[in-house]
$ cat entry.cif   # mmCIF, C-alpha atoms
data_input
#
loop_
_atom_site.label_atom_id
_atom_site.label_comp_id
_atom_site.auth_asym_id
_atom_site.auth_seq_id
_atom_site.Cartn_x
_atom_site.Cartn_y
_atom_site.Cartn_z
CA MET A 75 10.84 74.85 -140.34
CA ARG A 76 7.17 75.76 -140.59
CA ARG A 77 6.19 72.13 -140.01
CA ARG A 78 8.34 72.04 -136.88
CA ALA A 79 6.71 75.18 -135.52
CA THR A 80 3.24 73.76 -136.19
CA LEU A 81 4.20 70.52 -134.44
CA ALA A 82 5.56 72.42 -131.42
CA LEU A 83 2.34 74.44 -131.19
CA ALA A 84 0.27 71.27 -131.38
CA VAL A 85 2.33 69.67 -128.58
CA LEU A 86 1.90 72.81 -126.45
CA ALA A 87 -1.85 72.90 -127.09
CA LEU A 88 -2.16 69.29 -125.98
CA ALA A 89 0.05 69.75 -122.94
CA ALA A 90 -1.71 72.87 -121.66
CA PRO A 91 -4.97 71.27 -120.43
CA ALA A 92 -3.06 68.39 -118.88
CA GLY A 93 -0.90 70.88 -116.99
CA ALA A 94 -3.96 72.81 -115.83
CA THR A 95 -5.57 69.59 -114.57
CA ALA A 96 -2.39 68.64 -112.75
CA ALA A 97 -2.38 72.05 -111.07
CA GLU A 98 -5.97 71.56 -109.86
CA CYS A 99 -5.37 68.09 -108.48
CA PRO A 100 -5.05 67.21 -105.66
CA LYS A 101 -7.25 69.92 -104.18
CA THR A 102 -6.30 69.15 -100.63
CA THR A 103 -4.10 66.84 -98.56
CA LEU A 104 -4.67 64.18 -95.96
CA SER A 105 -2.98 66.23 -93.25
CA ASP A 106 -5.13 69.25 -94.07
CA VAL A 107 -8.34 67.24 -93.72
CA GLU A 108 -7.32 65.21 -90.67
CA ASN A 109 -6.85 68.38 -88.65
CA ASP A 110 -10.54 69.19 -89.11
CA VAL A 111 -12.11 65.82 -88.36
CA MET A 112 -12.41 63.38 -85.49
CA CYS A 113 -11.62 59.72 -85.16
CA PRO A 114 -15.09 58.79 -83.80
CA VAL A 115 -13.97 55.60 -82.08
CA CYS A 116 -10.92 57.16 -80.43
CA GLY A 117 -12.81 60.33 -79.43
CA THR A 118 -9.80 62.44 -80.46
CA PRO A 119 -8.98 64.51 -83.54
CA LEU A 120 -7.88 62.19 -86.33
CA GLY A 121 -4.45 63.84 -86.44
CA LEU A 122 -3.76 62.63 -82.88
CA ALA A 123 -5.05 59.09 -83.39
CA THR A 124 -1.95 57.49 -84.82
CA GLU A 125 -2.27 53.75 -84.24
CA ALA A 126 -5.99 53.04 -83.86
CA PRO A 127 -7.25 50.70 -86.62
CA GLN A 128 -10.38 52.77 -87.17
CA ALA A 129 -8.24 55.88 -87.61
CA GLN A 130 -6.15 54.05 -90.23
CA ARG A 131 -9.35 53.12 -92.13
CA GLU A 132 -10.56 56.68 -91.95
CA ARG A 133 -7.22 57.97 -93.26
CA GLU A 134 -7.36 55.46 -96.10
CA PHE A 135 -10.86 56.70 -96.95
CA ILE A 136 -9.65 60.31 -96.99
CA ARG A 137 -6.63 59.36 -99.13
CA ARG A 138 -8.94 57.77 -101.71
CA GLN A 139 -11.05 60.93 -101.79
CA VAL A 140 -7.94 63.12 -102.20
CA ASP A 141 -6.81 60.90 -105.08
CA ASP A 142 -10.25 61.36 -106.65
CA CYS A 143 -9.55 65.10 -106.67
CA ARG A 144 -12.22 65.97 -104.11
CA SER A 145 -11.98 69.28 -102.28
CA LYS A 146 -11.68 69.52 -98.50
CA ASP A 147 -15.36 70.42 -98.13
CA GLU A 148 -16.42 67.53 -100.37
CA ILE A 149 -14.31 65.11 -98.34
CA LYS A 150 -15.77 66.39 -95.08
CA ALA A 151 -19.27 65.93 -96.52
CA ALA A 152 -18.35 62.36 -97.55
CA LEU A 153 -17.06 61.69 -94.02
CA VAL A 154 -20.33 62.98 -92.55
CA ASP A 155 -22.16 60.62 -94.93
CA GLU A 156 -20.18 57.71 -93.54
CA PHE A 157 -19.83 58.57 -89.87
CA GLY A 158 -22.49 61.20 -89.14
CA GLU A 159 -22.06 64.76 -87.89
CA ASN A 160 -19.90 63.68 -84.96
CA VAL A 161 -16.95 63.16 -87.29
CA LEU A 162 -16.56 66.91 -87.61
CA ALA A 163 -14.31 68.38 -84.95
CA LEU A 164 -17.15 70.58 -83.77
CA PRO A 165 -19.36 70.26 -80.71
CA GLY A 166 -22.93 69.13 -81.42
CA SER A 167 -25.86 71.48 -81.35
CA ASP A 168 -27.86 69.79 -78.62
CA GLY A 169 -27.52 68.35 -75.12
CA PHE A 170 -24.31 68.94 -73.21
CA ASP A 171 -22.44 69.90 -76.41
CA LEU A 172 -24.56 73.03 -76.62
CA ALA A 173 -22.61 74.30 -73.59
CA ALA A 174 -19.56 74.76 -75.82
CA TYR A 175 -21.43 77.55 -77.63
CA LEU A 176 -23.29 78.99 -74.66
CA VAL A 177 -20.60 79.06 -71.96
CA PRO A 178 -18.19 81.51 -73.69
CA GLY A 179 -21.07 83.95 -74.34
CA LEU A 180 -22.34 83.64 -70.79
CA ALA A 181 -18.83 84.06 -69.41
CA VAL A 182 -18.36 87.26 -71.43
CA LEU A 183 -21.76 88.54 -70.26
CA LEU A 184 -21.07 87.71 -66.60
CA GLY A 185 -17.53 89.10 -66.73
CA GLY A 186 -18.71 92.28 -68.49
CA GLY A 187 -21.52 92.69 -65.99
CA ALA A 188 -19.15 92.25 -63.07
CA VAL A 189 -16.66 94.78 -64.47
CA ALA A 190 -19.47 97.28 -65.17
CA ALA A 191 -20.95 96.82 -61.68
CA THR A 192 -17.53 97.29 -60.07
CA ALA A 193 -16.86 100.41 -62.15
CA ILE A 194 -20.26 101.91 -61.28
CA GLY A 195 -19.72 101.17 -57.58
CA TRP A 196 -16.28 102.73 -57.65
CA ARG A 197 -17.54 105.89 -59.39
CA ARG A 198 -20.41 106.23 -56.91
CA SER A 199 -18.06 105.90 -53.97
CA ARG A 200 -15.74 108.56 -55.47
CA ALA A 201 -18.68 110.91 -56.02
CA ARG A 202 -19.85 110.35 -52.42
CA ASP A 203 -16.38 111.09 -51.09
CA ALA A 204 -16.14 114.27 -53.18
CA ALA A 205 -19.51 115.52 -51.89
CA ASP A 206 -18.63 114.84 -48.20
CA PRO A 207 -17.15 118.10 -46.65
CA THR A 208 -15.67 116.18 -43.72
CA ILE A 209 -13.36 114.40 -46.12
CA ALA A 210 -10.59 116.76 -47.12
CA ASP A 211 -7.81 116.21 -49.58
CA GLY A 212 -4.49 115.11 -48.15
CA PRO A 213 -3.74 113.65 -44.73
CA PRO A 214 -5.86 114.81 -41.75
CA ALA A 215 -4.47 117.76 -39.78
CA PRO A 216 -2.97 116.82 -36.41
CA GLY A 217 -4.96 117.67 -33.27
CA SER A 218 -3.57 119.92 -30.50
CA ALA A 219 -2.38 116.94 -28.40
CA GLN A 220 -0.52 115.54 -31.38
CA ARG A 221 0.94 118.95 -32.16
CA ASP A 222 2.23 119.29 -28.55
CA ARG A 223 3.77 115.82 -28.64
CA LEU A 224 5.44 116.58 -31.96
CA GLN A 225 6.88 119.82 -30.64
CA THR A 226 8.21 117.99 -27.54
CA ASP A 227 9.87 115.40 -29.72
CA LEU A 228 11.43 118.04 -31.94
CA ASP A 229 12.70 119.97 -28.89
CA ARG A 230 14.27 116.79 -27.54
CA TYR A 231 16.29 116.34 -30.73
CA ASP A 232 17.18 120.00 -31.05
CA LEU A 233 20.99 120.15 -31.13
CA MET B 10 -19.99 92.79 -38.37
CA LYS B 11 -22.10 92.23 -41.45
CA ARG B 12 -20.21 92.56 -44.72
CA SER B 13 -21.91 92.30 -48.13
CA LEU B 14 -20.16 90.81 -51.15
CA SER B 15 -19.16 93.10 -53.99
CA PRO B 16 -20.96 92.61 -57.33
CA PHE B 17 -17.72 91.27 -58.77
CA SER B 18 -17.48 88.59 -56.07
CA VAL B 19 -21.13 87.62 -56.59
CA ALA B 20 -20.61 87.32 -60.35
CA ALA B 21 -17.42 85.29 -59.85
CA LEU B 22 -19.20 82.99 -57.39
CA ILE B 23 -22.10 82.47 -59.80
CA GLY B 24 -19.62 81.76 -62.58
CA VAL B 25 -17.70 79.19 -60.54
CA LEU B 26 -20.91 77.49 -59.37
CA ALA B 27 -22.23 77.38 -62.95
CA LEU B 28 -18.96 75.87 -64.17
CA VAL B 29 -19.00 73.21 -61.43
CA GLY B 30 -22.63 72.41 -62.27
CA LEU B 31 -21.80 72.15 -65.94
CA LEU B 32 -18.84 69.84 -65.34
CA THR B 33 -20.93 67.60 -63.08
CA TYR B 34 -23.66 67.43 -65.71
CA GLY B 35 -21.07 66.63 -68.37
CA LEU B 36 -19.61 63.81 -66.28
CA VAL B 37 -23.03 62.30 -65.66
CA GLN B 38 -23.95 62.61 -69.35
CA SER B 39 -20.75 60.92 -70.54
CA GLU B 40 -21.37 57.85 -68.40
CA PRO B 41 -22.50 54.91 -70.54
CA ASP B 42 -26.09 53.79 -70.15
CA ARG B 43 -26.04 50.72 -67.89
CA ARG B 44 -29.80 50.25 -67.38
CA ILE B 45 -29.82 47.04 -69.41
CA ASP B 46 -27.06 45.46 -67.31
CA GLN B 47 -28.64 46.63 -64.08
CA ALA B 48 -31.97 45.07 -65.06
CA LEU B 49 -30.22 41.77 -65.84
CA VAL B 50 -28.47 41.84 -62.48
CA ARG B 51 -31.90 42.22 -60.84
CA GLY B 52 -33.09 39.23 -62.85
CA GLU B 53 -35.29 41.39 -65.09
CA ARG B 54 -35.39 41.79 -68.84
CA ALA B 55 -35.41 45.40 -70.01
CA GLN B 56 -37.32 46.28 -73.17
CA ALA B 57 -34.86 46.53 -76.06
CA PRO B 58 -34.64 50.11 -77.37
CA ALA B 59 -36.56 50.28 -80.65
CA PHE B 60 -34.82 51.45 -83.81
CA GLU B 61 -35.10 51.77 -87.54
CA LEU B 62 -31.88 52.00 -89.53
CA GLU B 63 -30.88 51.95 -93.16
CA THR B 64 -29.51 48.69 -94.46
CA LEU B 65 -25.77 48.50 -94.93
CA GLY B 66 -25.02 49.67 -98.47
CA GLY B 67 -28.42 51.37 -98.77
CA GLY B 68 -31.55 50.13 -100.46
CA GLY B 69 -34.00 50.11 -97.60
CA THR B 70 -34.39 50.11 -93.87
CA GLY B 71 -34.72 47.55 -91.13
CA SER B 72 -36.11 47.75 -87.63
CA LEU B 73 -36.15 45.62 -84.52
CA GLU B 74 -39.92 45.46 -84.83
CA ASP B 75 -39.48 43.44 -88.04
CA TYR B 76 -38.34 40.49 -85.90
CA ARG B 77 -40.94 40.61 -83.15
CA GLY B 78 -41.87 37.07 -82.16
CA LYS B 79 -38.37 35.78 -82.93
CA VAL B 80 -35.16 35.55 -80.98
CA VAL B 81 -32.79 38.27 -82.18
CA VAL B 82 -29.05 38.17 -81.66
CA LEU B 83 -28.23 41.84 -82.12
CA ASN B 84 -24.54 42.32 -82.84
CA PHE B 85 -22.82 45.72 -82.98
CA TRP B 86 -19.63 45.59 -85.01
CA GLY B 87 -17.18 47.48 -87.23
CA SER B 88 -14.86 46.26 -89.98
CA TRP B 89 -11.88 47.88 -88.19
CA CYS B 90 -12.53 45.80 -85.07
CA GLU B 91 -10.25 42.77 -84.76
CA PRO B 92 -12.41 40.73 -82.31
CA CYS B 93 -15.32 41.20 -84.75
CA ARG B 94 -13.36 39.15 -87.26
CA THR B 95 -13.03 36.32 -84.74
CA GLU B 96 -16.71 36.08 -83.88
CA SER B 97 -18.24 36.63 -87.33
CA PRO B 98 -18.02 32.99 -88.55
CA LEU B 99 -19.64 31.85 -85.30
CA LEU B 100 -22.47 34.38 -85.67
CA GLN B 101 -23.04 33.22 -89.25
CA ARG B 102 -23.27 29.57 -88.11
CA TRP B 103 -25.82 30.55 -85.45
CA HIS B 104 -27.78 32.61 -87.94
CA ASP B 105 -27.97 29.58 -90.24
CA ARG B 106 -29.20 27.51 -87.34
CA LEU B 107 -31.76 30.05 -86.08
CA SER B 108 -33.14 30.93 -89.48
CA ALA B 109 -33.42 27.24 -90.45
CA SER B 110 -35.58 26.62 -87.40
CA GLY B 111 -37.59 29.78 -88.12
CA ARG B 112 -37.19 30.84 -84.51
CA GLY B 113 -34.67 33.62 -84.77
CA THR B 114 -32.03 35.58 -86.56
CA VAL B 115 -28.77 37.37 -86.10
CA VAL B 116 -28.91 41.10 -86.95
CA GLY B 117 -25.67 43.00 -87.46
CA VAL B 118 -25.39 46.74 -86.85
CA ASP B 119 -22.29 48.28 -88.36
CA ALA B 120 -21.16 51.50 -86.69
CA LEU B 121 -18.38 54.09 -87.00
CA ASP B 122 -17.27 52.48 -90.22
CA VAL B 123 -16.62 53.16 -93.89
CA THR B 124 -19.44 51.46 -95.82
CA GLU B 125 -17.10 50.12 -98.50
CA ASP B 126 -14.88 48.48 -95.85
CA ALA B 127 -17.94 47.05 -94.09
CA LEU B 128 -19.26 45.55 -97.33
CA ASP B 129 -15.83 44.00 -98.00
CA PHE B 130 -15.96 42.49 -94.51
CA VAL B 131 -19.43 41.03 -95.17
CA GLN B 132 -18.19 39.53 -98.41
CA GLU B 133 -15.00 38.18 -96.86
CA PHE B 134 -16.91 36.25 -94.19
CA ASP B 135 -19.91 35.38 -96.38
CA LEU B 136 -22.27 36.93 -93.88
CA THR B 137 -25.89 36.51 -94.95
CA TYR B 138 -27.71 37.84 -91.91
CA PRO B 139 -29.42 41.25 -92.09
CA MET B 140 -26.97 44.11 -91.81
CA LEU B 141 -27.89 47.64 -90.80
CA LYS B 142 -25.80 50.78 -90.50
CA ASP B 143 -25.89 53.04 -87.45
CA ARG B 144 -24.57 56.01 -89.40
CA ASP B 145 -25.51 58.79 -87.01
CA GLU B 146 -24.71 56.95 -83.77
CA GLU B 147 -28.43 56.88 -83.02
CA VAL B 148 -28.77 53.34 -81.73
CA TYR B 149 -25.66 51.94 -80.12
CA PRO B 150 -25.53 54.54 -77.31
CA ASP B 151 -29.09 53.50 -76.32
CA TYR B 152 -27.74 50.01 -75.73
CA GLY B 153 -24.81 51.39 -73.72
CA VAL B 154 -22.31 50.14 -76.28
CA ILE B 155 -18.84 51.51 -75.58
CA GLN B 156 -16.67 48.89 -77.25
CA PHE B 157 -16.97 46.69 -80.29
CA PRO B 158 -18.21 44.04 -80.65
CA GLU B 159 -21.11 43.90 -78.24
CA THR B 160 -24.04 41.51 -78.54
CA PHE B 161 -27.57 41.55 -77.12
CA VAL B 162 -29.85 38.54 -77.04
CA ILE B 163 -33.45 39.69 -77.43
CA ASP B 164 -36.34 37.38 -76.62
CA PRO B 165 -39.47 37.00 -78.81
CA GLN B 166 -41.24 39.66 -76.68
CA GLY B 167 -38.55 42.23 -77.55
CA ARG B 168 -36.85 42.14 -74.15
CA ILE B 169 -33.10 41.86 -73.59
CA ALA B 170 -32.34 38.47 -72.08
CA ALA B 171 -28.52 38.59 -72.13
CA THR B 172 -25.59 40.75 -73.17
CA ARG B 173 -21.99 40.13 -74.05
CA ARG B 174 -19.83 43.23 -73.98
CA GLY B 175 -17.03 41.73 -76.03
CA PRO B 176 -16.84 38.94 -78.61
CA VAL B 177 -19.33 36.08 -78.25
CA ASP B 178 -18.27 32.45 -78.11
CA GLU B 179 -20.00 29.11 -78.55
CA GLU B 180 -20.60 28.74 -74.81
CA PHE B 181 -22.40 32.10 -74.58
CA MET B 182 -24.59 31.28 -77.56
CA ARG B 183 -25.50 27.85 -76.17
CA GLU B 184 -26.30 29.17 -72.72
CA GLU B 185 -28.12 32.36 -73.68
CA VAL B 186 -29.63 31.84 -77.12
CA LEU B 187 -30.55 28.18 -77.28
CA PRO B 188 -33.00 28.18 -74.30
CA LEU B 189 -34.91 31.11 -75.84
CA THR B 190 -35.53 29.22 -79.06
CA LYS B 191 -37.49 26.59 -77.15
CA ALA B 192 -41.23 27.14 -76.97
CA GLY B 193 -42.44 29.19 -73.99
CA ALA B 194 -39.04 30.73 -73.27
#

$ encode --input "entry.cif" --output "structure tokens"
Amino acid sequence: MRRRATLALAVLALAAPAGATAAECPKTTLSDVENDVMCPVCGTPLGLATEAPQAQREREFIRRQVDDCRSKDEIKAALVDEFGENVLALPGSDGFDLAAYLVPGLAVLLGGGAVAATAIGWRRSRARDAADPTIADGPPAPGSAQRDRLQTDLDRYDL
Amino acid sequence: MKRSLSPFSVAALIGVLALVGLLTYGLVQSEPDRRIDQALVRGERAQAPAFELETLGGGGTGSLEDYRGKVVVLNFWGSWCEPCRTESPLLQRWHDRLSASGRGTVVGVDALDVTEDALDFVQEFDLTYPMLKDRDEEVYPDYGVIQFPETFVIDPQGRIAATRRGPVDEEFMREEVLPLTKAGA
């Protein structure tokens, strides 16, 4: 009985590290990585490049890295080593690509500026109107000619 | 009656104009460089863009300058490219011929490729000509390469004498490379 228990413990002790390793590997999947990288020849994200031969090679490369238990970041670094920075699904940091970073900021600045300018203009116009004594609240009072015409109309409909 | 635009309209107008300008610039930038082809059409030979690249598989670098004084058949390729498979044996035969005469060489530039696959390709076709790797897409855009393979025939003075935007064949090599290997070409 004691021998059996010792044997069972030994089997468990041997199995534990193997189980832990299995849980750590693979660290990522092909589909997870292909969403973050480009197919440089196709000019599209790798996930969208289904048939292109270069995309198939790139997928095969990623698969090998996944099998080697590399993490997503390690695989992306390996892809950059092979294909350069353009393989990352990110705009570059120079030339026209720089616009991808600058335009949203400029748009927010311009839009914010426009909203602020409109709000300031609107407040100024309200303040001007409030300070002007010729502008009263409510509709303007009718003049004497209008009053006479109104009275005539009312008399005409008096039953 | 004179009517001034509201600040909002001015900002919107500036925004739209900036966007149009940006799109125009983007379109112009994305156009492939065709200066080499235009020079050839005019009957001129443009200077080949200089470069220095690491050798395929590492272990050193190679540059166009290394071959000054010789005819260079500069071939851009990738192991994933089917037409590259067709033309590789022909390029190897011409490299053997050029290097035997001491007048020229074929130089391969592998791009957008997995190095391991490229090395397998080299082994499969027994390619012995110098092979470089354009890892960071530094060189092929300067030559206006948009498809693979593309080949540039560079004269001993470092000027581009002919291009083939597609796979080369025997006829192209005979017509464009052979005359340059003769003295005084």

$ resolve_selection --input "entry.cif" --expression "the PyMOL selection byres ((chain A) within 10 of (chain B))" --output "VMD selection string"
chain A and resid 113 to 115 126 to 132 134 to 135 153 to 161 169 to 171 173 177 180 to 181 184 to 193 195

$ atom_distance --input "entry.cif" --atom1 "atom CA of Val118 of chain B" --atom2 "atom CA of Ala171 of chain B"
17.1 Å

$ resolve_selection --input "entry.cif" --expression "the PyMOL selection byres ((chain B and resi 113) around 7)" --output "PyMOL selection string"
chain B and resi 79-81+107-108+111-112+114

$ atom_distance --input "entry.cif" --atom1 "atom CA of Asp147 of chain A" --atom2 "atom CA of Ala163 of chain A"
13.4 Å

$ closest_residue --input "entry.cif" --among "B:Val37, B:Val131, B:Val50, B:Leu22" --to "Pro98 of chain B" --atoms "all atoms listed in the file"
B:Val131

$ residues_around --input "entry.cif" --residues "Lys146 of chain A" --least-positions-apart "4" --cutoff "7 Å" --atoms "all atoms listed in the file" --output "PyMOL selection string"
chain A and resi 102+107+150

$ residues_around --input "entry.cif" --residues "segment 174-177 of chain B" --least-positions-apart "2" --cutoff "10 Å" --atoms "only C-alpha atoms" --output "PyMOL selection string"
chain B and resi 84-86+91-97+99-100+153-161+172+179-182

$ closest_residue --input "entry.cif" --among "A:Leu162, A:Leu104, A:Leu172, A:Ala123" --to "Arg144 of chain A" --atoms "only C-alpha atoms"
A:Leu104

$ resolve_selection --input "entry.cif" --expression "the PyMOL selection byres ((chain B and resi 138) around 9)" --output "list in words"
Leu100, Gln101, His104, Asp105, Thr114, Val115, Val116, Gly117, Leu136, Thr137, Pro139 and Met140 of chain B

$ atom_distance --input "entry.cif" --atom1 "atom CA of Arg168 of chain B" --atom2 "atom CA of Arg43 of chain B"
15.2 Å

$ axis_aligned_box --input "entry.cif" --around "segment 217-230 of chain A" --padding-each-side "3 Å" --output "lines of an AutoDock Vina configuration file"
center_x = 4.7
center_y = 117.7
center_z = -30.4
size_x = 25.2
size_y = 10.6
size_z = 11.7

$ closest_residue --input "entry.cif" --among "B:Asp46, B:Lys191, B:Tyr152, B:Arg102" --to "Asp178 of chain B" --atoms "only C-alpha atoms"
B:Arg102

$ residues_near_point --input "entry.cif" --point "(-39.1, 50.0, -82.1)" --cutoff "8 Å" --atoms "all atoms listed in the file" --output "PyMOL selection string"
chain B and resi 58-61+72-74

$ closest_residue --input "entry.cif" --among "B:Leu62, B:Leu141, B:Ile169, B:Ile163" --to "Gly78 of chain B" --atoms "only C-alpha atoms"
B:Ile163

$ decode --input "entry.cif" --residues "segment 49-134 of chain B" --atoms "C-alpha atoms" --output "compact mmCIF listing (two decimals), in the first residue's frame"
# COMPACT_ATOMS: atom_id res chain seq x y z
CA LEU B 49 14.78 55.30 -71.09
CA VAL B 50 11.89 56.54 -73.21
CA ARG B 51 13.87 59.75 -73.83
CA GLY B 52 16.83 57.60 -74.85
CA GLU B 53 18.77 58.48 -71.68
CA ARG B 54 20.30 56.29 -69.01
CA ALA B 55 19.43 57.35 -65.46
CA GLN B 56 22.00 56.82 -62.73
CA ALA B 57 21.11 53.66 -60.80
CA PRO B 58 20.12 54.47 -57.21
CA ALA B 59 23.03 53.52 -54.95
CA PHE B 60 22.49 51.05 -52.12
CA GLU B 61 24.18 48.94 -49.51
CA LEU B 62 22.29 45.93 -48.19
CA GLU B 63 23.02 42.97 -45.98
CA THR B 64 23.69 39.71 -47.74
CA LEU B 65 20.88 37.18 -47.73
CA GLY B 66 21.32 35.04 -44.62
CA GLY B 67 23.60 37.62 -42.99
CA GLY B 68 27.36 37.68 -42.78
CA GLY B 69 28.16 40.92 -44.52
CA THR B 70 26.91 43.58 -46.84
CA GLY B 71 26.99 44.26 -50.54
CA SER B 72 26.57 47.44 -52.54
CA LEU B 73 26.10 48.42 -56.14
CA GLU B 74 29.39 50.28 -55.94
CA ASP B 75 31.16 46.92 -55.51
CA TYR B 76 30.44 46.19 -59.19
CA ARG B 77 31.36 49.52 -60.73
CA GLY B 78 33.06 48.91 -64.07
CA LYS B 79 30.99 45.78 -64.71
CA VAL B 80 27.61 45.11 -66.23
CA VAL B 81 25.14 44.35 -63.44
CA VAL B 82 21.88 42.51 -63.98
CA LEU B 83 20.00 43.59 -60.87
CA ASN B 84 17.10 41.26 -60.18
CA PHE B 85 14.45 41.90 -57.50
CA TRP B 86 12.74 38.70 -56.44
CA GLY B 87 10.94 36.81 -53.67
CA SER B 88 10.66 33.09 -52.96
CA TRP B 89 6.84 33.37 -52.93
CA CYS B 90 6.84 34.73 -56.49
CA GLU B 91 5.99 32.12 -59.13
CA PRO B 92 7.50 33.92 -62.17
CA CYS B 93 10.75 34.22 -60.17
CA ARG B 94 10.98 30.44 -60.26
CA THR B 95 10.72 30.48 -64.05
CA GLU B 96 13.47 33.00 -64.65
CA SER B 97 15.98 31.90 -61.99
CA PRO B 98 17.70 29.15 -64.06
CA LEU B 99 18.09 31.62 -66.93
CA LEU B 100 19.61 34.25 -64.64
CA GLN B 101 22.04 31.66 -63.27
CA ARG B 102 23.13 30.71 -66.81
CA TRP B 103 23.73 34.37 -67.63
CA HIS B 104 25.61 34.90 -64.40
CA ASP B 105 27.90 31.99 -65.29
CA ARG B 106 28.47 33.54 -68.69
CA LEU B 107 29.07 37.08 -67.42
CA SER B 108 31.32 36.10 -64.55
CA ALA B 109 33.35 33.77 -66.79
CA SER B 110 34.07 36.68 -69.11
CA GLY B 111 34.83 38.93 -66.14
CA ARG B 112 32.57 41.60 -67.60
CA GLY B 113 29.55 41.39 -65.37
CA THR B 114 27.39 39.70 -62.80
CA VAL B 115 23.83 39.05 -61.82
CA VAL B 116 22.89 40.45 -58.38
CA GLY B 117 19.73 39.23 -56.70
CA VAL B 118 17.82 41.35 -54.19
CA ASP B 119 15.32 39.38 -52.15
CA ALA B 120 12.45 41.44 -50.74
CA LEU B 121 9.32 40.96 -48.63
CA ASP B 122 10.38 37.43 -47.90
CA VAL B 123 11.14 35.00 -45.09
CA THR B 124 14.92 34.49 -45.10
CA GLU B 125 14.64 30.74 -44.53
CA ASP B 126 12.32 30.38 -47.55
CA ALA B 127 14.64 32.56 -49.66
CA LEU B 128 17.66 30.44 -48.74
CA ASP B 129 15.72 27.28 -49.64
CA PHE B 130 14.92 28.87 -53.00
CA VAL B 131 18.61 29.67 -53.60
CA GLN B 132 19.53 26.10 -52.78
CA GLU B 133 16.76 24.62 -54.91
CA PHE B 134 17.93 26.48 -58.02
